[in-house]
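In what follows, a structure is listed as structure tokens, so that the remarks can point back to it.
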Amino acid sequence: MSGSDEQVIIDDIVGKLGVAIQRRYGRTASVENVTIATLGASNRTLLFDLVEGTQRRRLVLRQETVKSEFSPFISTADQYRILGVVYSHDLPVPEPIFELEPTDGLDNGFVVACVEGETLPKTLLTDPTLEKARNRFAAQSGEILARLHAIDPAEVGFLESTSDSVDPLAAQVARYEGYGNCFPGIEVGIRWLENNRPAPSQRKFIHGEYRNGNVILGPDGIRAVLDWECAHIGSAMEEFGWLCMRSWRYGNIDQPVAGFGPRSELYSAYEANGGETVDEEAVRWWEIFATLRWAVINMMQIDGHMSGVRRSLPFACCGRNISMVEYDMLMAIKGNYK
Amino acid sequence: MSQDNPGIEQILTTVKEFAEGVAQRSIGAERYDALCAAFLMGVVQRELQLGDDQNNSQLTQLQGMLGKQGDLAELYREFSSRVREGQYDEDWQTALDFAFSQVVDKVKITNPNHLETEHRSS
């Protein structure tokens, strides 16, 4: 997409957003100070000020961009409902403000409060001002996840029927096969996963994509958990497997919790805050499962590029990056990256 | 050789250096796109250097393992269906070893720095 194409899209969104804001906050309300966080990944994210008289509030518009029968993401309507549930339990998530409606002409999405802080994974791992937050990350994650998993799944009962809630491995295999690919490494990984499934565990409401990159950090720690599009009902161990897979360590391989700290800090804090006893062997299975899932998400990105639906250089890279995820998968099966 | 200088390797190097230069003086999405472009040029360079030998080696391995002929794509599919059907469950190490070597080959082209040291030259 050229710069002028992007500008046309942005101008269109900002114009419609202004009307959407006036529909809800009155004709004197306006949109100012628009900046783009992401334009065309799995979600489009714009930051803007809602101006009402002398009042000004920083908000975030999230719009759905992936429309595929193999999309692993729940609807933005369900994401918005989830934010409401999690926010009501006083967990660190952006405050939900309003959901888009068809009359807004902005497709599917919602608006939430902006939480100031940093999200870029490499910055989180290196910025000197975030040292305290880094030191706290593993334990704080354990506490947040224990509180999340304590929420009664009935409060998000609409997630029970999603394919990831019913059988997460079957869901990934179906998506993989849907893309029509044939990766010997992935095939061996799938067979290993099928032959080594952990025993069924308690069913919890899980974030599904909790990792370095989906949290906002400030100097004193985690300020918000973002990106709830993969939330579902499943094993708490699945959450740990995703969080600890090699990809999210960003080079800090010897710090399994997203490059920040040791597993012991995560698990101790989780159990100390009411979480179930961590089954490390099950976490290992879920970590290998996580590589399959991450590979399939990369397949979605390269499929979008190759089909012409969402062409971009980063998505082109995703296609080749799958090989590195396959390597991590097979290395983990061989017993590495503990 | 029917073409004049620059050769393919030099063309790729030149474009890669350009993309790296753009990345150095850019920010945000433009910087990221430029880094991706440079990365992809590197992938092409390594595939030109290693791709044919890797393909020939894998073809020989698969023909021996599967006992049949075919092009690489066909044999990947045959291997994969046998793995998924459980035909390698009793000979798991054979399947794992081939898949791992095929993946290491790919990563040598995509990003050899991602490999553990012992796999970079194997």
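Ordering of the structure tokens sets the chain letters (A, B, ...); residue numbers start at 1 within each chain; ligands are numbered from 1 in the order shown.
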**Item:** 10 Å contacts from chain A to chain B using only C-alpha atoms, as a PyMOL selection string
**Value:** chain A and resi 3+37-39+181-192+194-195+251+312-331+333-334
Practice problem: Return as JSON, numbers by chain the full set of residues in chain B whose backbone-based DSSP assignment is alpha helix (DSSP H). | Solution: {"B": [8, 9, 10, 11, 12, 13, 14, 15, 16, 17, 18, 19, 20, 21, 22, 23, 24, 28, 29, 30, 31, 32, 33, 34, 35, 36, 37, 38, 39, 40, 41, 42, 43, 44, 45, 46, 47, 48, 49, 50, 51, 52, 53, 54, 55, 56, 57, 58, 59, 60, 61, 62, 63, 64, 65, 66, 72, 73, 74, 75, 76, 77, 78, 79, 80, 81, 82, 83, 84, 92, 93, 94, 95, 96, 97, 98, 99, 100, 101, 102, 103, 104, 105, 106, 107, 108, 109, 110, 117, 118, 119, 120]}
Export of the given selection (C-alpha atoms) as an mmCIF file, in the first residue's frame:
```
data_model
loop_
_atom_site.group_PDB
_atom_site.id
_atom_site.type_symbol
_atom_site.label_atom_id
_atom_site.label_comp_id
_atom_site.auth_asym_id
_atom_site.auth_seq_id
_atom_site.Cartn_x
_atom_site.Cartn_y
_atom_site.Cartn_z
ATOM 1 C CA ILE B 8 22.723 -11.140 -9.599
ATOM 2 C CA GLU B 9 24.739 -11.207 -6.382
ATOM 3 C CA GLN B 10 25.867 -7.619 -6.872
ATOM 4 C CA ILE B 11 22.365 -6.445 -7.765
ATOM 5 C CA LEU B 12 20.988 -8.002 -4.599
ATOM 6 C CA THR B 13 23.766 -6.535 -2.475
ATOM 7 C CA THR B 14 23.192 -3.094 -3.952
ATOM 8 C CA VAL B 15 19.441 -3.155 -3.340
ATOM 9 C CA LYS B 16 19.969 -4.598 0.159
ATOM 10 C CA GLU B 17 22.397 -1.790 1.012
ATOM 11 C CA PHE B 18 19.883 0.740 -0.256
ATOM 12 C CA ALA B 19 17.119 -0.725 1.932
ATOM 13 C CA GLU B 20 19.435 -0.738 4.943
ATOM 14 C CA GLY B 21 20.237 2.900 4.295
ATOM 15 C CA VAL B 22 16.546 3.791 4.103
ATOM 16 C CA ALA B 23 15.996 1.992 7.407
ATOM 17 C CA GLN B 24 18.774 3.975 9.082
ATOM 18 C CA GLY B 28 8.035 3.882 12.190
ATOM 19 C CA ALA B 29 6.414 1.858 9.436
ATOM 20 C CA GLU B 30 8.824 3.050 6.750
ATOM 21 C CA ARG B 31 11.821 1.919 8.812
ATOM 22 C CA TYR B 32 10.189 -1.450 9.467
ATOM 23 C CA ASP B 33 9.331 -1.928 5.786
ATOM 24 C CA ALA B 34 12.914 -1.083 4.809
ATOM 25 C CA LEU B 35 14.288 -3.583 7.329
ATOM 26 C CA CYS B 36 11.929 -6.211 5.926
ATOM 27 C CA ALA B 37 13.068 -5.422 2.384
ATOM 28 C CA ALA B 38 16.730 -5.802 3.380
ATOM 29 C CA PHE B 39 15.920 -9.030 5.189
ATOM 30 C CA LEU B 40 14.182 -10.447 2.119
ATOM 31 C CA MET B 41 17.127 -9.515 -0.114
ATOM 32 C CA GLY B 42 19.339 -11.505 2.255
ATOM 33 C CA VAL B 43 16.960 -14.452 1.971
ATOM 34 C CA VAL B 44 17.250 -14.352 -1.820
ATOM 35 C CA GLN B 45 21.050 -14.197 -1.634
ATOM 36 C CA ARG B 46 21.252 -17.230 0.638
ATOM 37 C CA GLU B 47 18.682 -19.180 -1.369
ATOM 38 C CA LEU B 48 20.685 -18.607 -4.537
ATOM 39 C CA GLN B 49 23.790 -19.881 -2.755
ATOM 40 C CA LEU B 50 22.290 -22.876 -0.942
ATOM 41 C CA GLY B 51 18.895 -23.700 -2.415
ATOM 42 C CA ASP B 52 19.820 -26.122 -5.197
ATOM 43 C CA ASP B 53 22.153 -28.203 -3.044
ATOM 44 C CA GLN B 54 19.565 -28.362 -0.276
ATOM 45 C CA ASN B 55 16.831 -29.439 -2.675
ATOM 46 C CA ASN B 56 18.996 -32.154 -4.220
ATOM 47 C CA SER B 57 20.032 -33.473 -0.820
ATOM 48 C CA GLN B 58 16.452 -33.566 0.472
ATOM 49 C CA LEU B 59 15.232 -35.236 -2.699
ATOM 50 C CA THR B 60 17.801 -38.001 -2.282
ATOM 51 C CA GLN B 61 16.910 -38.445 1.391
ATOM 52 C CA LEU B 62 13.182 -38.614 0.735
ATOM 53 C CA GLN B 63 13.480 -40.990 -2.200
ATOM 54 C CA GLY B 64 15.490 -43.317 0.027
ATOM 55 C CA MET B 65 13.092 -43.032 2.976
ATOM 56 C CA LEU B 66 9.894 -43.348 1.003
ATOM 57 C CA LEU B 72 10.228 -32.493 -3.878
ATOM 58 C CA ALA B 73 6.717 -31.126 -3.379
ATOM 59 C CA GLU B 74 5.176 -34.544 -4.078
ATOM 60 C CA LEU B 75 7.570 -36.281 -1.725
ATOM 61 C CA TYR B 76 6.956 -33.722 1.036
ATOM 62 C CA ARG B 77 3.251 -34.555 0.745
ATOM 63 C CA GLU B 78 3.905 -38.287 0.808
ATOM 64 C CA PHE B 79 6.163 -37.945 3.862
ATOM 65 C CA SER B 80 3.644 -35.730 5.592
ATOM 66 C CA SER B 81 0.680 -38.003 4.996
ATOM 67 C CA ARG B 82 2.654 -40.988 6.291
ATOM 68 C CA VAL B 83 3.607 -39.045 9.427
ATOM 69 C CA ARG B 84 0.036 -37.927 10.056
ATOM 70 C CA TRP B 92 9.815 -41.777 15.122
ATOM 71 C CA GLN B 93 13.477 -40.765 15.108
ATOM 72 C CA THR B 94 13.649 -41.194 11.322
ATOM 73 C CA ALA B 95 10.741 -38.824 10.780
ATOM 74 C CA LEU B 96 12.018 -36.333 13.349
ATOM 75 C CA ASP B 97 15.536 -36.379 11.891
ATOM 76 C CA PHE B 98 14.349 -35.710 8.339
ATOM 77 C CA ALA B 99 11.910 -32.975 9.376
ATOM 78 C CA PHE B 100 14.556 -31.336 11.525
ATOM 79 C CA SER B 101 17.177 -31.370 8.766
ATOM 80 C CA GLN B 102 14.647 -29.902 6.309
ATOM 81 C CA VAL B 103 13.764 -27.153 8.781
ATOM 82 C CA VAL B 104 17.424 -26.384 9.508
ATOM 83 C CA ASP B 105 17.974 -26.063 5.754
ATOM 84 C CA LYS B 106 15.167 -23.519 5.549
ATOM 85 C CA VAL B 107 16.396 -21.509 8.522
ATOM 86 C CA LYS B 108 19.901 -21.419 7.048
ATOM 87 C CA ILE B 109 18.307 -19.454 4.241
ATOM 88 C CA THR B 110 15.762 -17.456 6.239
ATOM 89 C CA THR B 117 25.696 -22.806 16.820
ATOM 90 C CA GLU B 118 25.905 -26.554 16.199
ATOM 91 C CA HIS B 119 23.275 -26.335 13.450
ATOM 92 C CA ARG B 120 24.726 -23.448 11.472
#
```
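Residues of region 64-102 of chain A that DSSP, applied to the backbone, places in strand (DSSP E): Glu64, Pro96, Ile97, Phe98 and Glu99 of chain A.
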Deliver the residues from the most recent selection as a file, using N, CA and C atoms, as a PDB file, in the first residue's frame.
```pdb
ATOM      1  N   GLU A  64     -11.480  -4.231  13.069  1.00  0.00           N
ATOM      2  CA  GLU A  64     -11.140  -5.541  12.537  1.00  0.00           C
ATOM      3  C   GLU A  64     -10.595  -5.397  11.114  1.00  0.00           C
ATOM      4  N   PRO A  96     -13.491  -0.040  28.401  1.00  0.00           N
ATOM      5  CA  PRO A  96     -14.289  -0.010  27.166  1.00  0.00           C
ATOM      6  C   PRO A  96     -15.164   1.248  27.129  1.00  0.00           C
ATOM      7  N   ILE A  97     -15.180   1.938  25.997  1.00  0.00           N
ATOM      8  CA  ILE A  97     -15.929   3.205  25.886  1.00  0.00           C
ATOM      9  C   ILE A  97     -17.188   3.021  25.044  1.00  0.00           C
ATOM     10  N   PHE A  98     -17.065   2.584  23.801  1.00  0.00           N
ATOM     11  CA  PHE A  98     -18.264   2.231  23.021  1.00  0.00           C
ATOM     12  C   PHE A  98     -17.885   1.307  21.872  1.00  0.00           C
ATOM     13  N   GLU A  99     -18.904   0.570  21.427  1.00  0.00           N
ATOM     14  CA  GLU A  99     -18.710  -0.358  20.309  1.00  0.00           C
ATOM     15  C   GLU A  99     -19.211   0.307  19.036  1.00  0.00           C
TER      16      GLU A  99
END
```
Grab the CA of Pro256 (chain A) to CA of Leu243 (chain A) distance for me, in Å with one decimal place.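 If I compute the distance from CA of Pro256 (chain A) to CA of Leu243 (chain A), I get 8.2 Å.
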Atom pair CA of Leu47 (chain A) + CA of Gly18 (chain A), distance 12.9 Å
Length of the CA of Gly335 (chain A) to CA of Glu209 (chain A) vector [Å]
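Between these atoms lies a distance of 23.3 Å.
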Counting only C-alpha atoms, closest pick from A:Leu124, A:Leu130, A:Leu193, A:Val215 relative to Pro168 (chain A) is A:Leu193
Do you know which residues are at most 10 Å from Thr119 (chain A) counting only C-alpha atoms, after dropping those on the same chain fewer than 3 positions away, and could you put them as a ChimeraX atom specification?
/A:116,122-124,212-218,224,226
**Non-local contacts of region 269-272 of chain A (7 Å; only C-alpha atoms; under 5 positions in same chain excluded) as a ChimeraX atom specification** = /A:139,142-143,145-146,277
Could those selected residues go to a file with N, CA and C atoms, as a PDB file, in the first residue's frame?
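Final output, saved to part-v6.pdb:
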```pdb
ATOM      1  N   ALA A 139       6.394 -12.277  38.042  1.00  0.00           N
ATOM      2  CA  ALA A 139       5.519 -12.413  39.206  1.00  0.00           C
ATOM      3  C   ALA A 139       4.196 -11.669  38.995  1.00  0.00           C
ATOM      4  N   GLY A 142       1.989 -13.687  36.854  1.00  0.00           N
ATOM      5  CA  GLY A 142       1.393 -14.784  37.612  1.00  0.00           C
ATOM      6  C   GLY A 142       0.176 -14.317  38.389  1.00  0.00           C
ATOM      7  N   GLU A 143       0.286 -13.138  38.994  1.00  0.00           N
ATOM      8  CA  GLU A 143      -0.833 -12.601  39.770  1.00  0.00           C
ATOM      9  C   GLU A 143      -2.014 -12.247  38.845  1.00  0.00           C
ATOM     10  N   LEU A 145      -2.727 -13.384  35.850  1.00  0.00           N
ATOM     11  CA  LEU A 145      -3.334 -14.573  35.244  1.00  0.00           C
ATOM     12  C   LEU A 145      -4.139 -15.364  36.275  1.00  0.00           C
ATOM     13  N   ALA A 146      -3.678 -15.406  37.519  1.00  0.00           N
ATOM     14  CA  ALA A 146      -4.455 -16.096  38.564  1.00  0.00           C
ATOM     15  C   ALA A 146      -5.806 -15.401  38.745  1.00  0.00           C
ATOM     16  N   THR A 277      -2.339 -25.585  40.906  1.00  0.00           N
ATOM     17  CA  THR A 277      -0.944 -26.044  40.880  1.00  0.00           C
ATOM     18  C   THR A 277      -0.491 -26.209  39.426  1.00  0.00           C
TER      19      THR A 277
END
```
